[in-house]
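Dropping structure_12.txt in here (compact mmCIF, C-alpha atoms and all ligand atoms):
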# COMPACT_ATOMS: atom_id res chain seq x y z
CA MET A 1 0.00 0.00 0.00
CA LYS A 2 2.68 2.36 1.07
CA LEU A 3 4.71 1.52 -2.02
CA ARG A 4 1.77 2.09 -4.33
CA ALA A 5 1.12 5.51 -2.83
CA LEU A 6 4.74 6.40 -3.25
CA PHE A 7 4.66 5.29 -6.88
CA LYS A 8 1.53 7.34 -7.52
CA ALA A 9 3.09 10.42 -6.00
CA PHE A 10 6.15 9.84 -8.15
CA SER A 11 4.19 9.52 -11.39
CA LEU A 12 2.17 12.60 -10.56
CA SER A 13 5.30 14.64 -10.01
CA VAL A 14 6.85 13.36 -13.27
CA ALA A 15 3.67 14.40 -15.11
CA ALA A 16 3.78 17.79 -13.40
CA ILE A 17 7.38 18.35 -14.47
CA ALA A 18 6.58 17.34 -18.08
CA CYS A 19 3.57 19.67 -18.14
CA SER A 20 5.37 22.56 -16.58
CA SER A 21 8.34 22.30 -18.95
CA ALA A 22 6.00 22.25 -21.97
CA ALA A 23 4.12 25.22 -20.53
CA TYR A 24 7.40 26.96 -19.80
CA ALA A 25 8.53 26.38 -23.35
CA GLN A 26 5.30 27.89 -24.64
CA ASP A 27 5.54 30.90 -22.30
CA ASN A 28 8.99 31.53 -23.61
CA ASN A 29 7.88 31.56 -27.22
CA TYR A 30 9.70 28.46 -28.29
CA LYS A 31 9.19 27.91 -32.00
CA PRO A 32 7.35 24.78 -33.09
CA GLU A 33 10.33 24.03 -35.32
CA TYR A 34 13.92 25.24 -35.70
CA LYS A 35 15.53 25.42 -39.14
CA LEU A 36 18.97 23.82 -39.37
CA SER A 37 21.10 24.41 -42.48
CA ILE A 38 23.67 22.05 -44.03
CA VAL A 39 25.25 21.93 -47.50
CA VAL A 40 25.01 18.23 -48.29
CA ASN A 41 22.29 15.79 -47.23
CA THR A 42 22.03 13.29 -44.38
CA GLN A 43 23.69 10.50 -46.38
CA PHE A 44 27.03 12.23 -45.89
CA PRO A 45 28.96 12.24 -42.58
CA TRP A 46 28.30 16.00 -42.34
CA GLY A 47 24.54 15.48 -42.66
CA GLN A 48 24.63 12.53 -40.31
CA GLY A 49 26.21 14.79 -37.69
CA ALA A 50 23.29 17.20 -38.08
CA GLN A 51 20.82 14.32 -37.86
CA ILE A 52 22.39 12.94 -34.68
CA TRP A 53 22.36 16.41 -33.11
CA SER A 54 18.68 16.91 -33.99
CA ASP A 55 17.70 13.50 -32.66
CA LEU A 56 19.59 13.96 -29.39
CA VAL A 57 18.08 17.40 -28.84
CA LYS A 58 14.55 16.20 -29.48
CA GLU A 59 14.98 13.24 -27.16
CA ARG A 60 16.73 15.08 -24.35
CA THR A 61 14.37 18.09 -24.40
CA GLU A 62 11.39 15.74 -24.58
CA GLY A 63 10.24 17.44 -27.74
CA ARG A 64 10.54 21.04 -26.53
CA ILE A 65 13.06 21.70 -29.28
CA ASN A 66 12.28 20.24 -32.70
CA ILE A 67 14.84 20.69 -35.43
CA LYS A 68 14.14 20.41 -39.13
CA ILE A 69 17.13 19.86 -41.38
CA TYR A 70 17.42 21.87 -44.61
CA PRO A 71 20.08 20.29 -46.86
CA GLY A 72 21.54 21.90 -49.98
CA THR A 73 21.84 25.24 -48.11
CA SER A 74 18.31 25.68 -49.44
CA LEU A 75 17.51 28.47 -46.97
CA VAL A 76 19.97 30.66 -48.92
CA GLN A 77 19.12 29.16 -52.33
CA GLY A 78 22.26 27.05 -52.31
CA ASP A 79 24.53 30.05 -51.95
CA GLN A 80 26.66 28.56 -49.20
CA THR A 81 28.94 31.56 -48.69
CA ARG A 82 25.86 33.52 -47.56
CA GLU A 83 24.95 30.96 -44.91
CA PHE A 84 26.76 32.63 -42.01
CA THR A 85 25.09 36.00 -42.67
CA ALA A 86 21.71 34.28 -42.80
CA ILE A 87 22.34 32.62 -39.43
CA ARG A 88 23.36 35.95 -37.96
CA GLN A 89 20.21 37.59 -39.35
CA GLY A 90 17.92 34.86 -38.08
CA LEU A 91 16.91 33.50 -41.48
CA ILE A 92 18.54 30.29 -40.31
CA ASP A 93 18.16 29.18 -36.67
CA MET A 94 20.92 26.58 -36.47
CA ALA A 95 23.59 25.08 -38.70
CA VAL A 96 26.40 22.63 -39.03
CA GLY A 97 28.61 24.64 -41.35
CA SER A 98 32.02 24.48 -42.97
CA THR A 99 34.73 26.94 -42.00
CA ILE A 100 35.34 27.42 -45.74
CA ASN A 101 31.81 28.70 -46.35
CA TRP A 102 31.95 31.09 -43.40
CA SER A 103 35.45 32.42 -44.07
CA PRO A 104 34.17 35.35 -46.20
CA GLN A 105 32.52 36.71 -43.00
CA VAL A 106 34.95 35.45 -40.32
CA SER A 107 38.27 35.81 -42.09
CA GLN A 108 40.28 33.99 -39.39
CA LEU A 109 38.44 30.77 -40.34
CA ASN A 110 40.69 30.81 -43.41
CA ILE A 111 43.37 29.34 -41.17
CA PHE A 112 42.21 25.79 -41.98
CA SER A 113 42.52 26.57 -45.71
CA MET A 114 46.17 27.59 -45.49
CA PRO A 115 47.92 25.19 -47.86
CA PHE A 116 49.67 22.29 -46.12
CA LEU A 117 49.34 23.72 -42.60
CA MET A 118 47.91 20.54 -41.03
CA PRO A 119 49.88 17.38 -41.92
CA ASP A 120 47.66 14.90 -40.08
CA TYR A 121 44.53 14.43 -37.96
CA ALA A 122 46.51 15.05 -34.77
CA ALA A 123 47.33 18.51 -36.15
CA VAL A 124 43.67 19.20 -36.94
CA ASP A 125 42.71 18.09 -33.43
CA ALA A 126 45.45 20.21 -31.86
CA LEU A 127 44.00 23.29 -33.55
CA VAL A 128 40.27 22.86 -33.03
CA GLN A 129 40.55 21.46 -29.51
CA GLY A 130 43.23 23.94 -28.44
CA GLU A 131 43.86 27.65 -28.15
CA VAL A 132 43.16 28.31 -31.86
CA GLY A 133 39.74 26.69 -31.68
CA LYS A 134 38.96 28.69 -28.56
CA GLN A 135 39.93 31.98 -30.19
CA LEU A 136 37.90 31.18 -33.31
CA PHE A 137 34.85 30.43 -31.17
CA THR A 138 35.26 33.83 -29.52
CA LEU A 139 35.33 35.46 -32.97
CA ILE A 140 32.26 33.56 -34.18
CA GLU A 141 30.45 34.58 -31.00
CA LYS A 142 31.49 38.20 -31.49
CA ALA A 143 30.03 38.00 -35.00
CA GLY A 144 26.66 37.18 -33.39
CA VAL A 145 26.47 33.39 -33.70
CA VAL A 146 26.79 30.90 -30.83
CA PRO A 147 29.33 28.13 -31.57
CA LEU A 148 28.97 24.87 -29.64
CA ALA A 149 31.17 22.13 -31.09
CA TRP A 150 33.73 21.29 -33.78
CA GLY A 151 33.00 18.60 -36.36
CA GLU A 152 34.80 17.76 -39.57
CA ASN A 153 34.16 17.68 -43.30
CA GLY A 154 37.62 16.25 -43.94
CA TYR A 155 40.89 16.43 -45.82
CA ARG A 156 40.19 17.81 -49.26
CA GLN A 157 41.58 15.81 -52.17
CA LEU A 158 41.88 16.82 -55.79
CA SER A 159 39.97 15.20 -58.65
CA ASN A 160 39.91 15.90 -62.38
CA SER A 161 38.81 14.46 -65.68
CA LYS A 162 42.05 15.05 -67.65
CA HIS A 163 45.09 13.22 -66.31
CA PRO A 164 46.90 12.24 -63.11
CA ILE A 165 48.30 15.12 -61.07
CA THR A 166 51.60 14.42 -59.32
CA LEU A 167 53.23 17.85 -59.61
CA PRO A 168 51.99 21.46 -59.80
CA ASN A 169 52.90 21.51 -63.48
CA ASP A 170 50.19 18.90 -64.16
CA MET A 171 47.60 21.48 -63.08
CA LYS A 172 48.60 24.04 -65.68
CA GLY A 173 45.53 25.70 -67.22
CA MET A 174 43.19 23.21 -65.58
CA LYS A 175 39.77 24.69 -64.86
CA LEU A 176 39.04 23.80 -61.23
CA ARG A 177 35.96 24.58 -59.20
CA VAL A 178 36.58 26.11 -55.75
CA VAL A 179 34.43 27.73 -53.08
CA GLY A 180 35.03 30.06 -50.16
CA SER A 181 37.26 33.07 -49.82
CA PRO A 182 39.86 34.49 -52.26
CA LEU A 183 42.47 32.31 -50.51
CA TYR A 184 41.35 29.43 -52.75
CA LEU A 185 41.79 31.55 -55.86
CA ASP A 186 45.29 32.48 -54.70
CA THR A 187 46.28 28.87 -53.99
CA PHE A 188 45.10 27.45 -57.30
CA THR A 189 46.44 30.39 -59.30
CA ALA A 190 49.86 29.85 -57.68
CA LEU A 191 49.66 26.21 -58.73
CA GLY A 192 49.12 27.27 -62.35
CA ALA A 193 45.47 26.21 -62.51
CA ASN A 194 42.48 28.28 -63.56
CA PRO A 195 40.20 28.36 -60.48
CA VAL A 196 36.50 29.13 -60.85
CA GLN A 197 34.42 30.01 -57.81
CA MET A 198 30.96 28.44 -57.63
CA SER A 199 28.57 26.89 -55.13
CA TRP A 200 28.38 23.12 -54.65
CA ALA A 201 24.93 23.16 -56.25
CA ASP A 202 26.40 24.65 -59.43
CA ALA A 203 29.59 22.58 -59.29
CA GLN A 204 27.94 19.22 -59.91
CA PRO A 205 26.30 20.13 -63.25
CA ALA A 206 29.49 22.02 -64.23
CA LEU A 207 31.52 18.85 -63.66
CA ALA A 208 28.98 16.74 -65.54
CA SER A 209 28.96 19.04 -68.58
CA GLY A 210 32.73 19.44 -68.58
CA ALA A 211 32.44 23.19 -68.00
CA VAL A 212 35.10 22.60 -65.33
CA ASP A 213 37.80 19.93 -65.36
CA GLY A 214 38.03 19.21 -61.66
CA GLN A 215 37.34 20.05 -58.05
CA GLU A 216 38.60 19.46 -54.51
CA ASN A 217 36.52 17.91 -51.72
CA PRO A 218 36.80 15.29 -48.98
CA LEU A 219 36.54 11.70 -50.23
CA SER A 220 33.20 11.24 -48.45
CA ILE A 221 31.76 13.99 -50.66
CA TYR A 222 33.52 12.74 -53.81
CA GLN A 223 32.19 9.24 -53.26
CA GLY A 224 28.75 10.18 -51.89
CA SER A 225 28.17 12.43 -54.91
CA LYS A 226 29.50 9.71 -57.23
CA LEU A 227 31.86 12.09 -58.98
CA TYR A 228 33.47 9.10 -60.73
CA ASN A 229 30.24 9.00 -62.78
CA VAL A 230 30.84 12.51 -64.15
CA GLY A 231 34.28 11.80 -65.54
CA GLN A 232 36.30 12.60 -62.41
CA LYS A 233 38.61 9.61 -62.95
CA TYR A 234 41.85 11.03 -61.56
CA LEU A 235 42.22 11.54 -57.84
CA THR A 236 45.25 12.98 -56.07
CA LEU A 237 45.58 12.46 -52.32
CA TRP A 238 47.51 15.53 -51.24
CA ASN A 239 45.89 16.44 -47.88
CA TYR A 240 46.46 20.11 -48.61
CA VAL A 241 43.69 21.45 -46.34
CA ASN A 242 41.02 20.09 -44.02
CA ASP A 243 37.75 21.85 -43.31
CA PRO A 244 36.27 21.52 -39.86
CA LEU A 245 32.55 21.98 -39.31
CA VAL A 246 31.00 24.10 -36.59
CA PHE A 247 27.73 23.35 -34.80
CA VAL A 248 26.03 26.71 -34.14
CA VAL A 249 22.83 28.44 -33.04
CA ASN A 250 21.57 31.94 -33.85
CA LYS A 251 22.10 34.18 -30.81
CA ASN A 252 18.47 35.28 -30.31
CA ILE A 253 17.26 31.71 -30.55
CA TRP A 254 19.90 30.67 -28.04
CA ASN A 255 18.81 33.41 -25.63
CA SER A 256 15.15 32.40 -25.98
CA TRP A 257 15.86 28.97 -24.49
CA THR A 258 15.97 28.12 -20.81
CA GLU A 259 19.38 27.57 -19.29
CA GLN A 260 18.59 23.88 -18.91
CA ASP A 261 17.72 23.57 -22.61
CA ARG A 262 20.84 25.47 -23.67
CA GLU A 263 22.95 23.02 -21.73
CA ILE A 264 21.13 20.11 -23.37
CA VAL A 265 21.66 21.57 -26.86
CA ARG A 266 25.34 22.24 -26.15
CA GLN A 267 26.01 18.75 -24.80
CA ALA A 268 24.08 17.19 -27.69
CA ALA A 269 26.23 19.18 -30.14
CA LEU A 270 29.41 17.94 -28.47
CA ASP A 271 28.18 14.34 -28.49
CA ALA A 272 26.99 14.53 -32.11
CA ALA A 273 30.20 16.23 -33.28
CA LYS A 274 32.34 13.53 -31.71
CA GLN A 275 30.35 10.85 -33.52
CA GLU A 276 30.42 12.86 -36.75
CA ILE A 277 34.22 13.15 -36.70
CA ALA A 278 34.53 9.38 -36.26
CA ILE A 279 32.18 8.81 -39.23
CA ALA A 280 34.05 11.38 -41.36
CA ARG A 281 37.39 9.64 -40.75
CA LYS A 282 36.14 6.17 -41.61
CA GLY A 283 37.60 4.42 -44.64
CA VAL A 284 40.20 7.03 -45.54
CA THR A 285 43.14 6.10 -43.31
CA PRO A 286 45.98 3.60 -43.89
CA GLU A 287 44.44 1.37 -41.18
CA ASP A 288 41.05 1.40 -42.88
CA ASP A 289 41.14 2.35 -46.56
CA SER A 290 37.77 0.80 -47.46
CA MET A 291 36.49 3.98 -49.07
CA LEU A 292 39.59 4.30 -51.25
CA LYS A 293 39.09 0.71 -52.39
CA GLU A 294 35.45 1.44 -53.20
CA ILE A 295 36.44 4.51 -55.22
CA ALA A 296 39.16 2.58 -57.08
CA SER A 297 36.60 -0.09 -57.99
CA HIS A 298 34.92 2.51 -60.21
CA GLY A 299 37.99 2.75 -62.39
CA VAL A 300 39.45 5.79 -60.66
CA GLU A 301 43.22 6.25 -60.80
CA ILE A 302 44.33 7.24 -57.33
CA THR A 303 47.65 9.05 -56.90
CA SER A 304 49.50 9.37 -53.60
CA LEU A 305 52.40 11.81 -53.52
CA THR A 306 56.00 10.92 -52.76
CA PRO A 307 57.67 13.21 -50.19
CA GLU A 308 59.46 15.02 -53.05
CA GLN A 309 56.23 15.59 -54.97
CA HIS A 310 54.52 16.80 -51.79
CA ASP A 311 57.36 19.27 -51.20
CA ALA A 312 56.96 20.66 -54.72
CA PHE A 313 53.34 21.61 -53.93
CA VAL A 314 54.35 23.12 -50.60
CA LYS A 315 57.06 25.20 -52.24
CA VAL A 316 54.81 26.65 -54.95
CA THR A 317 52.10 27.59 -52.44
CA GLN A 318 54.48 29.05 -49.83
CA PRO A 319 53.95 32.68 -51.01
CA VAL A 320 50.18 32.19 -50.61
CA PHE A 321 50.76 30.84 -47.10
CA ASP A 322 52.92 33.87 -46.24
CA LYS A 323 50.43 36.37 -47.68
CA TRP A 324 47.48 34.85 -45.84
CA LYS A 325 49.40 34.50 -42.60
CA VAL A 326 49.41 38.30 -42.40
CA ARG A 327 45.74 38.56 -43.46
CA ILE A 328 44.53 35.98 -40.95
CA GLY A 329 46.76 37.28 -38.18
CA THR A 330 50.41 36.43 -37.54
CA GLU A 331 49.76 35.68 -33.87
CA LEU A 332 46.98 33.20 -34.54
CA VAL A 333 48.96 31.40 -37.24
CA ASP A 334 52.08 31.27 -35.03
CA GLN A 335 49.94 29.81 -32.25
CA ALA A 336 48.69 27.18 -34.72
CA LEU A 337 52.22 26.33 -35.85
CA LYS A 338 53.34 25.98 -32.23
CA ASP A 339 50.38 23.76 -31.31
CA ILE A 340 51.00 21.57 -34.36
CA GLU A 341 54.66 21.21 -33.45
CA ASN A 342 53.74 20.16 -29.90
CA ARG A 343 50.90 17.85 -30.90
O1 LIG A 401 31.18 23.13 -51.54
C1 LIG A 401 31.97 22.31 -51.11
O2 LIG A 401 33.01 22.00 -51.70
C2 LIG A 401 31.69 21.66 -49.78
C3 LIG A 401 30.43 20.82 -49.91
O3 LIG A 401 32.74 20.85 -49.40
C4 LIG A 401 31.52 22.76 -48.79
O4 LIG A 401 30.44 23.16 -48.46
C5 LIG A 401 32.74 23.42 -48.27

Show me the file's structure as structure tokens.
Amino acid sequence: MKLRALFKAFSLSVAAIACSSAAYAQDNNYKPEYKLSIVVNTQFPWGQGAQIWSDLVKERTEGRINIKIYPGTSLVQGDQTREFTAIRQGLIDMAVGSTINWSPQVSQLNIFSMPFLMPDYAAVDALVQGEVGKQLFTLIEKAGVVPLAWGENGYRQLSNSKHPITLPNDMKGMKLRVVGSPLYLDTFTALGANPVQMSWADAQPALASGAVDGQENPLSIYQGSKLYNVGQKYLTLWNYVNDPLVFVVNKNIWNSWTEQDREIVRQAALDAAKQEIAIARKGVTPEDDSMLKEIASHGVEITSLTPEQHDAFVKVTQPVFDKWKVRIGTELVDQALKDIENR
């Protein structure tokens, strides 16, 4: 009897908490749905990260915060370099976005696009999880967007429809699609190529029609978009840059949530980002090269660089590195170099 009464009291109080949190959410003008922007869809590691985040938030807030994912940067008509501004303005509530796409607005995010800065995953981790990552979060926050966690798109590799690329000279006159800030134009111009800036939405038809000869993207995007089917038969693994992703929320939306819900959303972002990074790194390492094997099975010629070939690319892009070091901030770049050395 006593036990039953206790149980009843317990269930009543659980119901009361559930009701009061729903009522609280309503009082605080929670939206029925929050719009989350990503560039690719949920079949890609990037989109899976967004999906995991959304699911965790829904579950842990007991439905107080519902997120709807908008792939293809559709909230800005596919114009991914306008995504950050749209988040700041409240056109987009949340996003998992690439540092490349946001670098036109937060110029220090260009640091991850400095050619050959990060030689391995440990270097990437040392930057995002260290002092550099902290300073970049402060800058994003200052720009009016709340950053919560670092994810990863991945090391960007070079593909083309013409011939294998083993040295900068092989890129001469090649029309290559790039996105982001002018840093990409500088890098590919230094390499002798002819870079063309366009969104990912425009890039895929341009590759299919042969309007451009090649592109650079992580292998997960190359494979997930089946670029081997649009003539991209030559792939060079050069690990020249890696673009991290950032899990963010618009500032006004963030401030409209209760402190408890903010903590839930933050922790869910950290948990989802950790899982996303693991997914993004699957199949592309010497220990597990399953994705490379899958790509090769489509008749793709995959080129890995010898140390001498690698050095040739580094040498040609060194002036771009030096120019952008000043633009991004000498102190921040020196901090990055120090953290990479001590990784
Ligand atoms: O447009 C690209 O290349 C992509 C999908 O990788 C980014 O959004 C940075």

Report, as JSON, the centre and edge lengths in Å (one decimal) of the axis-aligned box enclosing every listed atom of ligand LIG 401 (chain A), padded by 3 Å on each side.
{"center_x": 31.7, "center_y": 22.1, "center_z": -50.0, "size_x": 8.6, "size_y": 8.6, "size_z": 9.4}

> When distances are computed from all atoms listed in the file, which of A:Ile302, A:Ala201, A:Leu117, A:Val124 shows the smallest separation from Val76 (chain A)?
Replying inline: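 Among A:Ile302, A:Ala201, A:Leu117, A:Val124, it is A:Ala201 that comes nearest to Val76 (chain A).
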
> From the list A:Leu332, A:Ala272, A:Met198, A:Ile67, which residue is nearest ligand LIG 401 (chain A) when using all atoms listed in the file?
Replying inline: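 Counting all atoms listed in the file, the residue closest to ligand LIG 401 (chain A) is A:Met198.
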
>> At a cut-off of 6 Å around ligand LIG 401 (chain A), and using all atoms listed in the file, what residues come up? Please write them as a ChimeraX atom specification.
In response: /A:39,98,100-101,179,199-200,217

> Mind pulling up the distance from CA of Leu185 (chain A) to CA of Pro71 (chain A)?
Replying inline: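 About the pair CA of Pro71 (chain A) and CA of Leu185 (chain A): they are 26.1 Å apart.
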
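Here CA of Glu131 (chain A) and CA of Ile52 (chain A) stand 26.8 Å from one another.
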
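Across the structure, CA of Val146 (chain A) and CA of Asp271 (chain A) are spaced 16.8 Å apart.
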
>> Which residues are close to region 252-258 of chain A, i.e. within 12 Å by only C-alpha atoms, leaving aside same-chain residues fewer than 5 positions away? Reply as a ChimeraX atom specification.
In response: /A:21-22,24-31,33-36,61,64-65,87-94,141,144-148,263-266

> Which residue gives the smallest distance to Lys233 (chain A) among A:Thr306, A:Asn194, A:Gln215, A:Asn110, with all atoms listed in the file counted?
Replying inline: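 Answer, going by the shortest atom-to-atom distance: A:Gln215.
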
Your completed region 141-161 of chain A with N, CA and C atoms, as a PDB file, in the coordinates of the input:
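See rebuild_0.pdb below for the written result:
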ATOM      1  N   GLU A 141      31.398  34.044 -31.974  1.00  0.00           N
ATOM      2  CA  GLU A 141      30.450  34.580 -31.000  1.00  0.00           C
ATOM      3  C   GLU A 141      30.337  36.093 -31.129  1.00  0.00           C
ATOM      4  N   LYS A 142      31.474  36.737 -31.304  1.00  0.00           N
ATOM      5  CA  LYS A 142      31.490  38.200 -31.490  1.00  0.00           C
ATOM      6  C   LYS A 142      30.719  38.593 -32.743  1.00  0.00           C
ATOM      7  N   ALA A 143      30.739  37.713 -33.740  1.00  0.00           N
ATOM      8  CA  ALA A 143      30.030  38.000 -35.000  1.00  0.00           C
ATOM      9  C   ALA A 143      28.525  37.733 -34.848  1.00  0.00           C
ATOM     10  N   GLY A 144      28.090  37.300 -33.656  1.00  0.00           N
ATOM     11  CA  GLY A 144      26.660  37.180 -33.390  1.00  0.00           C
ATOM     12  C   GLY A 144      26.077  35.786 -33.555  1.00  0.00           C
ATOM     13  N   VAL A 145      26.931  34.772 -33.549  1.00  0.00           N
ATOM     14  CA  VAL A 145      26.470  33.390 -33.700  1.00  0.00           C
ATOM     15  C   VAL A 145      27.081  32.568 -32.563  1.00  0.00           C
ATOM     16  N   VAL A 146      26.302  31.655 -31.987  1.00  0.00           N
ATOM     17  CA  VAL A 146      26.790  30.900 -30.830  1.00  0.00           C
ATOM     18  C   VAL A 146      27.378  29.546 -31.270  1.00  0.00           C
ATOM     19  N   PRO A 147      28.706  29.390 -31.162  1.00  0.00           N
ATOM     20  CA  PRO A 147      29.330  28.130 -31.570  1.00  0.00           C
ATOM     21  C   PRO A 147      29.350  27.126 -30.414  1.00  0.00           C
ATOM     22  N   LEU A 148      29.070  25.859 -30.715  1.00  0.00           N
ATOM     23  CA  LEU A 148      28.970  24.870 -29.640  1.00  0.00           C
ATOM     24  C   LEU A 148      29.968  23.726 -29.756  1.00  0.00           C
ATOM     25  N   ALA A 149      30.290  23.305 -30.968  1.00  0.00           N
ATOM     26  CA  ALA A 149      31.170  22.130 -31.090  1.00  0.00           C
ATOM     27  C   ALA A 149      31.828  22.115 -32.468  1.00  0.00           C
ATOM     28  N   TRP A 150      32.994  21.467 -32.524  1.00  0.00           N
ATOM     29  CA  TRP A 150      33.730  21.290 -33.780  1.00  0.00           C
ATOM     30  C   TRP A 150      33.476  19.913 -34.354  1.00  0.00           C
ATOM     31  N   GLY A 151      33.080  19.861 -35.620  1.00  0.00           N
ATOM     32  CA  GLY A 151      33.000  18.600 -36.360  1.00  0.00           C
ATOM     33  C   GLY A 151      34.029  18.617 -37.471  1.00  0.00           C
ATOM     34  N   GLU A 152      33.806  17.799 -38.492  1.00  0.00           N
ATOM     35  CA  GLU A 152      34.800  17.760 -39.570  1.00  0.00           C
ATOM     36  C   GLU A 152      34.194  17.346 -40.908  1.00  0.00           C
ATOM     37  N   ASN A 153      34.504  18.116 -41.951  1.00  0.00           N
ATOM     38  CA  ASN A 153      34.160  17.680 -43.300  1.00  0.00           C
ATOM     39  C   ASN A 153      35.272  16.731 -43.758  1.00  0.00           C
ATOM     40  N   GLY A 154      36.521  17.179 -43.682  1.00  0.00           N
ATOM     41  CA  GLY A 154      37.620  16.250 -43.940  1.00  0.00           C
ATOM     42  C   GLY A 154      38.746  16.836 -44.763  1.00  0.00           C
ATOM     43  N   TYR A 155      39.779  16.023 -44.953  1.00  0.00           N
ATOM     44  CA  TYR A 155      40.890  16.430 -45.820  1.00  0.00           C
ATOM     45  C   TYR A 155      40.397  16.502 -47.250  1.00  0.00           C
ATOM     46  N   ARG A 156      40.722  17.586 -47.910  1.00  0.00           N
ATOM     47  CA  ARG A 156      40.190  17.810 -49.260  1.00  0.00           C
ATOM     48  C   ARG A 156      41.184  17.327 -50.306  1.00  0.00           C
ATOM     49  N   GLN A 157      40.730  16.420 -51.136  1.00  0.00           N
ATOM     50  CA  GLN A 157      41.580  15.810 -52.170  1.00  0.00           C
ATOM     51  C   GLN A 157      41.145  16.338 -53.536  1.00  0.00           C
ATOM     52  N   LEU A 158      42.050  16.187 -54.489  1.00  0.00           N
ATOM     53  CA  LEU A 158      41.880  16.820 -55.790  1.00  0.00           C
ATOM     54  C   LEU A 158      41.454  15.811 -56.848  1.00  0.00           C
ATOM     55  N   SER A 159      40.360  16.107 -57.556  1.00  0.00           N
ATOM     56  CA  SER A 159      39.970  15.200 -58.650  1.00  0.00           C
ATOM     57  C   SER A 159      39.862  15.976 -59.949  1.00  0.00           C
ATOM     58  N   ASN A 160      40.080  15.259 -61.064  1.00  0.00           N
ATOM     59  CA  ASN A 160      39.910  15.900 -62.380  1.00  0.00           C
ATOM     60  C   ASN A 160      39.624  14.860 -63.447  1.00  0.00           C
ATOM     61  N   SER A 161      39.225  15.356 -64.602  1.00  0.00           N
ATOM     62  CA  SER A 161      38.810  14.460 -65.680  1.00  0.00           C
ATOM     63  C   SER A 161      39.891  14.314 -66.761  1.00  0.00           C
TER      64      SER A 161
END
